[in-house]
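Trainee: Just one file: my_file-v5.cif, with mmCIF, C-alpha atoms.
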```cif
data_my_file
#
loop_
_atom_site.group_PDB
_atom_site.id
_atom_site.type_symbol
_atom_site.label_atom_id
_atom_site.label_comp_id
_atom_site.auth_asym_id
_atom_site.auth_seq_id
_atom_site.Cartn_x
_atom_site.Cartn_y
_atom_site.Cartn_z
ATOM 1 C CA MET A 9 0.000 0.000 0.000
ATOM 2 C CA LYS A 10 2.723 2.478 0.929
ATOM 3 C CA TRP A 11 4.506 1.989 -2.374
ATOM 4 C CA ILE A 12 1.275 2.628 -4.264
ATOM 5 C CA LEU A 13 0.915 5.943 -2.429
ATOM 6 C CA VAL A 14 4.573 6.848 -3.001
ATOM 7 C CA THR A 15 4.223 6.058 -6.707
ATOM 8 C CA LEU A 16 0.994 8.051 -6.971
ATOM 9 C CA MET A 17 2.589 11.022 -5.203
ATOM 10 C CA VAL A 18 5.756 10.969 -7.314
ATOM 11 C CA VAL A 19 3.986 10.467 -10.650
ATOM 12 C CA ALA A 20 1.464 13.217 -9.856
ATOM 13 C CA THR A 21 4.222 15.646 -8.829
ATOM 14 C CA VAL A 22 6.293 15.042 -11.941
ATOM 15 C CA LEU A 23 3.232 15.109 -14.228
ATOM 16 C CA SER A 24 2.121 18.390 -12.694
ATOM 17 C CA ASP A 25 5.556 19.929 -13.274
ATOM 18 C CA LEU A 26 5.695 18.661 -16.856
ATOM 19 C CA LEU A 27 2.181 19.892 -17.731
ATOM 20 C CA GLN A 28 2.877 23.274 -16.176
ATOM 21 C CA SER A 29 6.132 23.725 -17.988
ATOM 22 C CA TYR A 30 4.638 22.590 -21.319
ATOM 23 C CA GLU A 31 1.542 24.776 -21.101
ATOM 24 C CA MET A 32 3.326 27.850 -19.764
ATOM 25 C CA LYS A 33 5.789 27.696 -22.625
ATOM 26 C CA ARG A 34 2.915 27.507 -25.097
ATOM 27 C CA ALA A 35 1.187 30.417 -23.414
ATOM 28 C CA GLY A 36 4.240 32.605 -23.826
ATOM 29 C CA GLU A 37 5.684 34.993 -21.313
ATOM 30 C CA GLN A 38 3.413 36.169 -18.566
ATOM 31 C CA SER A 39 3.616 39.526 -16.897
ATOM 32 C CA VAL A 40 3.330 39.696 -13.158
ATOM 33 C CA GLY A 41 1.633 42.626 -11.514
ATOM 34 C CA ALA A 42 -1.856 43.609 -10.373
ATOM 35 C CA ARG A 43 -3.440 43.389 -13.818
ATOM 36 C CA GLY A 44 -1.058 40.746 -15.043
ATOM 37 C CA PHE A 45 -2.107 38.502 -12.196
ATOM 38 C CA LEU A 46 -5.784 38.689 -13.204
ATOM 39 C CA ARG A 47 -4.818 37.903 -16.775
ATOM 40 C CA LEU A 48 -2.798 34.974 -15.464
ATOM 41 C CA LEU A 49 -5.899 33.626 -13.695
ATOM 42 C CA ALA A 50 -7.988 34.004 -16.870
ATOM 43 C CA MET A 51 -5.251 32.232 -18.826
ATOM 44 C CA ILE A 52 -5.201 29.353 -16.327
ATOM 45 C CA ALA A 53 -8.972 28.921 -16.669
ATOM 46 C CA ARG A 54 -8.670 28.709 -20.462
ATOM 47 C CA ARG A 55 -5.844 26.179 -20.604
ATOM 48 C CA LYS A 56 -6.917 22.595 -20.056
ATOM 49 C CA PHE A 57 -3.467 21.286 -19.246
ATOM 50 C CA LEU A 58 -2.955 23.850 -16.524
ATOM 51 C CA ILE A 59 -6.166 22.768 -14.808
ATOM 52 C CA LEU A 60 -4.923 19.220 -15.157
ATOM 53 C CA ALA A 61 -1.602 20.299 -13.630
ATOM 54 C CA ILE A 62 -3.397 21.795 -10.631
ATOM 55 C CA LEU A 63 -5.432 18.582 -10.287
ATOM 56 C CA CYS A 64 -2.204 16.575 -10.306
ATOM 57 C CA MET A 65 -0.819 18.847 -7.616
ATOM 58 C CA ALA A 66 -3.905 18.159 -5.488
ATOM 59 C CA VAL A 67 -3.574 14.401 -6.065
ATOM 60 C CA SER A 68 0.082 14.571 -5.081
ATOM 61 C CA PHE A 69 -0.688 16.506 -1.897
ATOM 62 C CA PHE A 70 -3.570 14.259 -0.895
ATOM 63 C CA SER A 71 -1.445 11.158 -1.377
ATOM 64 C CA PHE A 72 1.214 12.772 0.807
ATOM 65 C CA MET A 73 -1.459 13.344 3.463
ATOM 66 C CA ALA A 74 -2.550 9.713 3.205
ATOM 67 C CA LEU A 75 1.071 8.606 3.384
ATOM 68 C CA VAL A 76 1.861 10.511 6.591
ATOM 69 C CA GLN A 77 -1.335 9.169 8.111
ATOM 70 C CA THR A 78 -0.294 5.540 7.885
ATOM 71 C CA GLN A 79 3.487 5.668 7.485
ATOM 72 C CA PRO A 80 6.181 7.298 9.635
ATOM 73 C CA LEU A 81 7.279 10.812 8.703
ATOM 74 C CA SER A 82 10.848 9.503 8.471
ATOM 75 C CA PHE A 83 9.676 7.384 5.539
ATOM 76 C CA ALA A 84 7.208 9.730 3.795
ATOM 77 C CA VAL A 85 9.424 12.789 3.355
ATOM 78 C CA PRO A 86 12.609 11.067 2.119
ATOM 79 C CA ALA A 87 10.504 8.830 -0.180
ATOM 80 C CA SER A 88 9.165 11.924 -1.941
ATOM 81 C CA ALA A 89 12.696 12.412 -3.293
ATOM 82 C CA ALA A 90 11.960 9.546 -5.692
ATOM 83 C CA SER A 91 10.640 12.268 -8.001
ATOM 84 C CA PHE A 92 14.293 13.051 -8.846
ATOM 85 C CA ILE A 93 14.646 9.570 -10.349
ATOM 86 C CA LEU A 94 11.516 9.822 -12.493
ATOM 87 C CA GLU A 95 12.437 13.356 -13.585
ATOM 88 C CA THR A 96 15.890 12.244 -14.673
ATOM 89 C CA VAL A 97 14.512 9.246 -16.578
ATOM 90 C CA LEU A 98 11.908 11.427 -18.317
ATOM 91 C CA ALA A 99 14.476 14.092 -19.108
ATOM 92 C CA LYS A 100 16.676 11.483 -20.773
ATOM 93 C CA PHE A 101 14.135 9.382 -22.673
ATOM 94 C CA VAL A 102 11.119 11.625 -23.280
ATOM 95 C CA LEU A 103 12.522 15.139 -23.433
ATOM 96 C CA LYS A 104 15.808 13.861 -24.957
ATOM 97 C CA GLU A 105 17.859 16.175 -22.777
ATOM 98 C CA THR A 106 21.506 15.431 -22.177
ATOM 99 C CA VAL A 107 21.833 13.982 -18.701
ATOM 100 C CA GLY A 108 25.294 14.580 -17.269
ATOM 101 C CA ILE A 109 27.218 11.988 -15.288
ATOM 102 C CA LYS A 110 26.750 13.927 -12.040
ATOM 103 C CA ARG A 111 23.001 13.977 -12.493
ATOM 104 C CA ALA A 112 22.764 10.303 -13.429
ATOM 105 C CA ALA A 113 24.905 9.370 -10.420
ATOM 106 C CA GLY A 114 22.733 11.523 -8.156
ATOM 107 C CA ALA A 115 19.550 9.840 -9.381
ATOM 108 C CA LEU A 116 21.088 6.383 -8.828
ATOM 109 C CA ILE A 117 22.148 7.315 -5.289
ATOM 110 C CA VAL A 118 18.592 8.537 -4.574
ATOM 111 C CA LEU A 119 17.278 5.232 -5.947
ATOM 112 C CA ALA A 120 19.579 3.278 -3.631
ATOM 113 C CA GLY A 121 18.401 5.431 -0.715
ATOM 114 C CA VAL A 122 14.721 4.851 -1.485
ATOM 115 C CA VAL A 123 15.295 1.096 -1.733
ATOM 116 C CA LEU A 124 17.006 1.162 1.686
ATOM 117 C CA LEU A 125 14.129 3.188 3.194
ATOM 118 C CA GLY A 126 11.504 0.524 2.748
ATOM 119 C CA GLU A 127 12.729 -2.670 4.277
ATOM 120 C CA MET B 2 16.949 30.191 -21.770
ATOM 121 C CA ARG B 3 13.214 30.375 -21.405
ATOM 122 C CA SER B 4 13.256 28.747 -18.015
ATOM 123 C CA MET B 5 15.737 31.392 -16.906
ATOM 124 C CA ARG B 6 13.337 34.060 -18.099
ATOM 125 C CA ILE B 7 10.481 32.491 -16.198
ATOM 126 C CA LEU B 8 12.693 32.212 -13.154
ATOM 127 C CA ARG B 9 13.469 35.893 -13.506
ATOM 128 C CA ARG B 10 9.765 36.634 -13.548
ATOM 129 C CA ILE B 11 9.314 34.692 -10.359
ATOM 130 C CA LYS B 12 12.196 36.614 -8.874
ATOM 131 C CA GLN B 13 10.626 39.891 -9.905
ATOM 132 C CA SER B 14 7.211 38.967 -8.585
ATOM 133 C CA ALA B 15 8.675 37.915 -5.282
ATOM 134 C CA CYS B 16 10.455 41.246 -5.087
ATOM 135 C CA CYS B 17 7.249 43.146 -5.766
ATOM 136 C CA ALA B 18 5.494 41.228 -3.077
ATOM 137 C CA TRP B 19 8.074 42.271 -0.553
ATOM 138 C CA ARG B 20 8.247 45.848 -1.814
ATOM 139 C CA LEU B 21 11.963 45.579 -2.166
ATOM 140 C CA ARG B 22 12.147 46.510 -5.781
ATOM 141 C CA GLY B 23 14.891 49.057 -5.244
ATOM 142 C CA ARG B 24 17.118 46.528 -3.576
ATOM 143 C CA CYS B 25 16.399 43.788 -6.056
ATOM 144 C CA THR B 26 17.183 45.801 -9.159
ATOM 145 C CA ARG B 27 20.528 46.547 -7.627
ATOM 146 C CA VAL B 28 21.197 42.865 -7.172
ATOM 147 C CA PHE B 29 19.738 41.355 -10.310
ATOM 148 C CA GLY B 30 19.986 44.132 -12.840
ATOM 149 C CA THR B 31 23.693 44.528 -12.516
ATOM 150 C CA ALA B 32 23.719 46.560 -15.705
ATOM 151 C CA THR B 33 21.718 49.294 -14.004
ATOM 152 C CA ILE B 34 24.366 49.910 -11.360
ATOM 153 C CA GLY B 35 26.114 53.191 -11.840
ATOM 154 C CA SER B 36 29.654 53.682 -10.605
ATOM 155 C CA GLY B 37 28.377 55.925 -7.828
ATOM 156 C CA GLN B 38 26.057 53.266 -6.551
ATOM 157 C CA ARG B 39 28.718 50.626 -6.486
ATOM 158 C CA THR B 40 30.006 51.391 -2.997
ATOM 159 C CA ALA B 41 26.482 51.378 -1.616
ATOM 160 C CA TYR B 42 25.970 48.041 -3.314
ATOM 161 C CA ARG B 43 29.088 46.580 -1.740
ATOM 162 C CA LYS B 44 27.992 47.729 1.693
ATOM 163 C CA MET B 45 24.614 46.144 1.127
ATOM 164 C CA ARG B 46 26.023 42.818 0.052
ATOM 165 C CA GLY B 47 26.967 41.841 3.607
ATOM 166 C CA SER B 48 23.442 42.402 4.870
ATOM 167 C CA LEU B 49 22.082 40.594 1.812
ATOM 168 C CA HIS B 50 24.007 37.453 2.738
ATOM 169 C CA LEU B 51 22.497 37.646 6.183
ATOM 170 C CA ARG B 52 19.088 38.093 4.593
ATOM 171 C CA THR B 53 19.540 35.102 2.296
ATOM 172 C CA TYR B 54 20.516 32.842 5.160
ATOM 173 C CA SER B 55 17.676 34.108 7.367
ATOM 174 C CA VAL B 56 15.127 33.387 4.634
ATOM 175 C CA LEU B 57 16.793 30.007 4.028
ATOM 176 C CA LEU B 58 16.483 29.103 7.714
ATOM 177 C CA LEU B 59 12.888 30.326 7.763
ATOM 178 C CA PHE B 60 12.047 28.140 4.756
ATOM 179 C CA ILE B 61 13.629 25.006 6.241
ATOM 180 C CA ALA B 62 11.909 25.625 9.590
ATOM 181 C CA LEU B 63 8.483 26.232 8.004
ATOM 182 C CA LYS B 64 8.773 23.116 5.893
ATOM 183 C CA ALA B 65 9.766 20.999 8.915
ATOM 184 C CA VAL B 66 7.000 22.403 11.141
ATOM 185 C CA GLY B 67 4.470 22.001 8.314
ATOM 186 C CA ASN B 68 5.337 18.348 7.677
ATOM 187 C CA LEU B 69 5.393 17.553 11.378
ATOM 188 C CA SER B 70 2.071 19.233 12.128
ATOM 189 C CA LEU B 71 0.438 17.636 9.084
ATOM 190 C CA ALA B 72 1.660 14.184 10.091
ATOM 191 C CA TRP B 73 0.606 14.686 13.726
ATOM 192 C CA GLY B 74 -2.874 15.855 12.712
ATOM 193 C CA MET B 75 -3.432 13.110 10.113
ATOM 194 C CA LYS B 76 -2.333 10.342 12.481
ATOM 195 C CA HIS B 77 -5.050 11.360 14.943
ATOM 196 C CA LEU B 78 -7.819 11.317 12.347
ATOM 197 C CA PRO B 79 -9.782 8.294 11.140
ATOM 198 C CA ASP B 80 -8.445 6.671 7.957
ATOM 199 C CA ALA B 81 -9.255 8.988 5.065
ATOM 200 C CA GLY B 82 -9.285 6.312 2.359
ATOM 201 C CA ALA B 83 -9.572 7.242 -1.307
ATOM 202 C CA ASN B 84 -12.323 9.851 -1.100
ATOM 203 C CA PRO B 85 -10.896 13.301 -1.919
ATOM 204 C CA LEU B 86 -13.635 14.971 0.123
ATOM 205 C CA SER B 87 -12.379 13.351 3.304
ATOM 206 C CA TYR B 88 -9.007 15.049 2.729
ATOM 207 C CA ILE B 89 -10.661 18.421 2.394
ATOM 208 C CA ARG B 90 -12.582 17.688 5.589
ATOM 209 C CA ALA B 91 -9.308 16.665 7.245
ATOM 210 C CA MET B 92 -8.029 20.208 6.659
ATOM 211 C CA LEU B 93 -10.512 21.430 9.279
ATOM 212 C CA ASP B 94 -8.435 19.695 11.933
ATOM 213 C CA PRO B 95 -6.305 22.399 13.637
ATOM 214 C CA PHE B 96 -3.019 20.483 13.300
ATOM 215 C CA VAL B 97 -3.629 19.620 9.656
ATOM 216 C CA ALA B 98 -4.687 23.228 8.993
ATOM 217 C CA LEU B 99 -1.513 24.520 10.667
ATOM 218 C CA GLY B 100 0.526 22.063 8.599
ATOM 219 C CA VAL B 101 -1.078 23.057 5.304
ATOM 220 C CA THR B 102 -0.724 26.771 6.128
ATOM 221 C CA SER B 103 2.945 26.350 7.047
ATOM 222 C CA LEU B 104 3.607 24.458 3.824
ATOM 223 C CA VAL B 105 1.889 27.159 1.750
ATOM 224 C CA VAL B 106 3.870 29.915 3.512
ATOM 225 C CA ALA B 107 7.003 27.808 2.990
ATOM 226 C CA LEU B 108 6.255 27.773 -0.751
ATOM 227 C CA LEU B 109 5.984 31.580 -0.783
ATOM 228 C CA THR B 110 9.171 31.863 1.293
ATOM 229 C CA ARG B 111 10.908 29.680 -1.273
ATOM 230 C CA MET B 112 9.909 32.133 -3.996
ATOM 231 C CA VAL B 113 11.476 34.959 -1.991
ATOM 232 C CA LEU B 114 14.537 32.787 -1.465
ATOM 233 C CA LEU B 115 14.806 32.232 -5.216
ATOM 234 C CA SER B 116 14.768 35.993 -5.649
ATOM 235 C CA LEU B 117 17.846 36.196 -3.441
ATOM 236 C CA ALA B 118 19.822 33.131 -4.537
ATOM 237 C CA ASP B 119 20.271 30.777 -7.497
ATOM 238 C CA LEU B 120 18.151 27.647 -7.846
ATOM 239 C CA SER B 121 21.330 25.573 -8.017
ATOM 240 C CA PHE B 122 22.179 26.871 -4.543
ATOM 241 C CA VAL B 123 18.672 26.654 -3.082
ATOM 242 C CA LEU B 124 17.850 23.074 -4.144
ATOM 243 C CA PRO B 125 20.920 21.244 -2.791
ATOM 244 C CA VAL B 126 20.874 23.178 0.487
ATOM 245 C CA THR B 127 17.182 22.565 1.118
ATOM 246 C CA ALA B 128 17.713 18.825 0.524
ATOM 247 C CA VAL B 129 18.784 18.790 4.182
ATOM 248 C CA GLY B 130 15.022 18.782 4.861
ATOM 249 C CA TYR B 131 14.955 14.999 4.306
ATOM 250 C CA ILE B 132 17.324 14.463 7.197
ATOM 251 C CA ILE B 133 15.453 16.946 9.401
ATOM 252 C CA ALA B 134 12.173 15.121 8.700
ATOM 253 C CA ALA B 135 13.691 11.786 9.754
ATOM 254 C CA PHE B 136 15.134 13.416 12.881
ATOM 255 C CA LEU B 137 11.804 15.050 13.845
ATOM 256 C CA GLY B 138 9.985 11.777 13.196
ATOM 257 C CA LYS B 139 12.284 10.036 15.635
ATOM 258 C CA VAL B 140 12.398 12.697 18.350
ATOM 259 C CA VAL B 141 8.877 14.169 18.280
ATOM 260 C CA LEU B 142 6.721 11.370 16.867
ATOM 261 C CA HIS B 143 8.801 8.598 18.542
ATOM 262 C CA GLU B 144 9.184 6.701 15.288
ATOM 263 C CA VAL B 145 11.624 3.832 15.054
ATOM 264 C CA VAL B 146 14.333 4.851 12.601
ATOM 265 C CA THR B 147 16.572 1.906 11.886
ATOM 266 C CA ASN B 148 20.197 2.251 10.830
ATOM 267 C CA ARG B 149 19.194 1.095 7.381
ATOM 268 C CA ARG B 150 16.677 3.907 7.134
ATOM 269 C CA TRP B 151 19.244 6.493 8.316
ATOM 270 C CA ILE B 152 21.644 5.343 5.608
ATOM 271 C CA GLY B 153 18.822 5.511 3.056
ATOM 272 C CA THR B 154 17.927 9.038 4.152
ATOM 273 C CA ILE B 155 21.538 10.206 3.982
ATOM 274 C CA LEU B 156 21.931 8.636 0.515
ATOM 275 C CA ILE B 157 18.783 10.466 -0.613
ATOM 276 C CA PHE B 158 20.210 13.731 0.738
ATOM 277 C CA ILE B 159 23.500 13.227 -1.125
ATOM 278 C CA GLY B 160 21.742 12.106 -4.318
ATOM 279 C CA ALA B 161 19.255 14.975 -4.288
ATOM 280 C CA ALA B 162 22.053 17.475 -3.700
ATOM 281 C CA LEU B 163 24.038 15.983 -6.608
ATOM 282 C CA VAL B 164 21.101 15.981 -9.030
ATOM 283 C CA SER B 165 20.025 19.515 -8.262
ATOM 284 C CA SER B 166 23.435 21.151 -8.121
ATOM 285 C CA THR B 167 23.841 20.450 -11.822
ATOM 286 C CA GLY B 168 20.639 22.264 -12.813
ATOM 287 C CA GLU B 169 20.525 25.665 -14.479
ATOM 288 C CA LYS B 170 23.576 27.519 -15.564
ATOM 289 C CA SER B 171 23.493 31.025 -14.194
ATOM 290 C CA LYS B 172 23.404 33.443 -17.155
#
```
Show me, as structure tokens, the structure contained in the file I just sent.
Mentor:
Amino acid sequence: MKWILVTLMVVATVLSDLLQSYEMKRAGEQSVGARGFLRLLAMIARRKFLILAILCMAVSFFSFMALVQTQPLSFAVPASAASFILETVLAKFVLKETVGIKRAAGALIVLAGVVLLGE
Amino acid sequence: MRSMRILRRIKQSACCAWRLRGRCTRVFGTATIGSGQRTAYRKMRGSLHLRTYSVLLLFIALKAVGNLSLAWGMKHLPDAGANPLSYIRAMLDPFVALGVTSLVVALLTRMVLLSLADLSFVLPVTAVGYIIAAFLGKVVLHEVVTNRRWIGTILIFIGAALVSSTGEKSK
């Protein structure tokens, strides 16, 4: 059960980040200010992926809440770092970014840590 | 490049929110510094370091308190299951509410922090939060943290710091 929640949390977090980044790039640069903020809200309402991103954020937060309810805090918070692994994998294979050796090593070390967390 | 621009926007918005525009332009818009202002800028830099570290400490503390309070509150509630409504109802619990509020304020503090320092500095340093969470779990919530779990947590800290320190190149 705990791994299902961890997976749900991590996938929702990464998906939310990806959708946000994709949709914000399509929307172009946003201005921030009193009027710009209102326009930003209107823009969010019009973009389906952004609403989806916010939904993902909610899913991720709710699964974190469920996780801390049943699992120790010393498991839940470090386990959320698993998002680094998924992000690195997606960056390499989906976004075709160049993943440096330092980054790949970091993701592997996080993976080892997460495996050690859940005995 | 674009992500840098967006980051800049976040920086600017955070500055506006804190009404520190004058200070921020001096720090970020280095091109706007005249030779006369340069000495004033140098004097300010010391206090800016202090500011950065204060905001950094505030962020780490808020995040820790938020997680702890959220965990404490949730553990004393009946099992919420898969119904999203029960999570919204859970937020009425004072400890959960305090936790959620702290986490939201922590998010805003992080934006301010990003206006003062690079992401590639902020991310690795705040990875220490994983260790703090394990420590608070043990001391406050009396959780059993085995040696294996400590090693796992420390590995996650090192790995997260490594991954994030290679992020954006600054300008």
Trainee: Please find the residues of chain A near chain B - the criterion being any atom within 6 Å, counting only C-alpha atoms - and write them as a ChimeraX atom specification.
Mentor: /A:76-77,81-82,86,111,114-115,117-118,121,124-125
Trainee: Separation of atom CA of Ser91 of chain A and atom CA of Val22 of chain A, in Å?
Mentor: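 Between atom CA of Ser91 of chain A and atom CA of Val22 of chain A the gap is 6.5 Å.
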Trainee: Might I get the box with edges along x, y and z of the file that holds all atoms of segment 59-71 of chain B listed there, padded by 6 Å on every side, given as centre and edge lengths in Å to one decimal, as AutoDock Vina command-line options?
Mentor:
```
--center_x 7.0 --center_y 23.9 --center_z 8.4 --size_x 25.2 --size_y 24.8 --size_z 19.4
```
Trainee: Hey, can you check how far atom CA of Leu114 of chain B sits from atom CA of Ser68 of chain A?
Mentor: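 It comes out at 23.5 Å.
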Trainee: I'd like the interatomic distance between atom CA of Lys56 of chain A and atom CA of Val97 of chain A, to a tenth of an Å.
Mentor: 25.5 Å
Trainee: Out of A:Ala66, A:Leu119, A:Ala74, A:Leu98, which residue has the shortest atom-to-atom distance to Ile12 of chain A when counting all atoms listed in the file?
Mentor: A:Ala74
Trainee: Evaluate the PyMOL selection byres ((chain A and resi 72) around 9) and record the selected residues as a VMD selection string, following the chain and residue labels used in the document.
Mentor: chain A and resid 13 to 14 17 67 to 71 73 to 77 84 to 85 88
Trainee: Pull the neighbourhood of (7.7, 9.2, -7.5) for me: all residues within 9 Å in file coordinates, counting only C-alpha atoms, as a ChimeraX atom specification.
Mentor: /A:14-22,87-95
Trainee: How would segment 76-90 of chain B read, as a tab-separated table (two decimals), in the coordinates of the input, once N, CA and C atoms are built in?
Mentor:
```tsv
chain	number	residue	atom	x	y	z
B	76	LYS	N	-2.42	11.61	11.73
B	76	LYS	CA	-2.33	10.34	12.48
B	76	LYS	C	-3.45	10.25	13.52
B	77	HIS	N	-4.00	11.39	13.93
B	77	HIS	CA	-5.05	11.36	14.94
B	77	HIS	C	-6.44	11.40	14.34
B	78	LEU	N	-6.51	11.32	13.01
B	78	LEU	CA	-7.82	11.32	12.35
B	78	LEU	C	-8.15	9.89	11.90
B	79	PRO	N	-9.44	9.61	11.71
B	79	PRO	CA	-9.78	8.29	11.14
B	79	PRO	C	-9.25	8.17	9.71
B	80	ASP	N	-9.01	6.93	9.28
B	80	ASP	CA	-8.44	6.67	7.96
B	80	ASP	C	-9.25	7.37	6.86
B	81	ALA	N	-8.54	8.17	6.04
B	81	ALA	CA	-9.26	8.99	5.07
B	81	ALA	C	-9.63	8.21	3.80
B	82	GLY	N	-8.94	7.12	3.52
B	82	GLY	CA	-9.28	6.31	2.36
B	82	GLY	C	-9.01	7.01	1.04
B	83	ALA	N	-9.83	6.72	0.04
B	83	ALA	CA	-9.57	7.24	-1.31
B	83	ALA	C	-10.49	8.40	-1.67
B	84	ASN	N	-11.37	8.79	-0.78
B	84	ASN	CA	-12.32	9.85	-1.10
B	84	ASN	C	-11.67	11.22	-0.94
B	85	PRO	N	-11.56	12.00	-2.03
B	85	PRO	CA	-10.90	13.30	-1.92
B	85	PRO	C	-11.59	14.24	-0.94
B	86	LEU	N	-12.89	14.09	-0.79
B	86	LEU	CA	-13.64	14.97	0.12
B	86	LEU	C	-13.17	14.81	1.56
B	87	SER	N	-12.79	13.56	1.93
B	87	SER	CA	-12.38	13.35	3.30
B	87	SER	C	-11.05	14.06	3.59
B	88	TYR	N	-10.26	14.30	2.53
B	88	TYR	CA	-9.01	15.05	2.73
B	88	TYR	C	-9.29	16.53	2.93
B	89	ILE	N	-10.30	17.02	2.21
B	89	ILE	CA	-10.66	18.42	2.39
B	89	ILE	C	-11.25	18.61	3.79
B	90	ARG	N	-12.03	17.62	4.23
B	90	ARG	CA	-12.58	17.69	5.59
B	90	ARG	C	-11.46	17.60	6.62
```
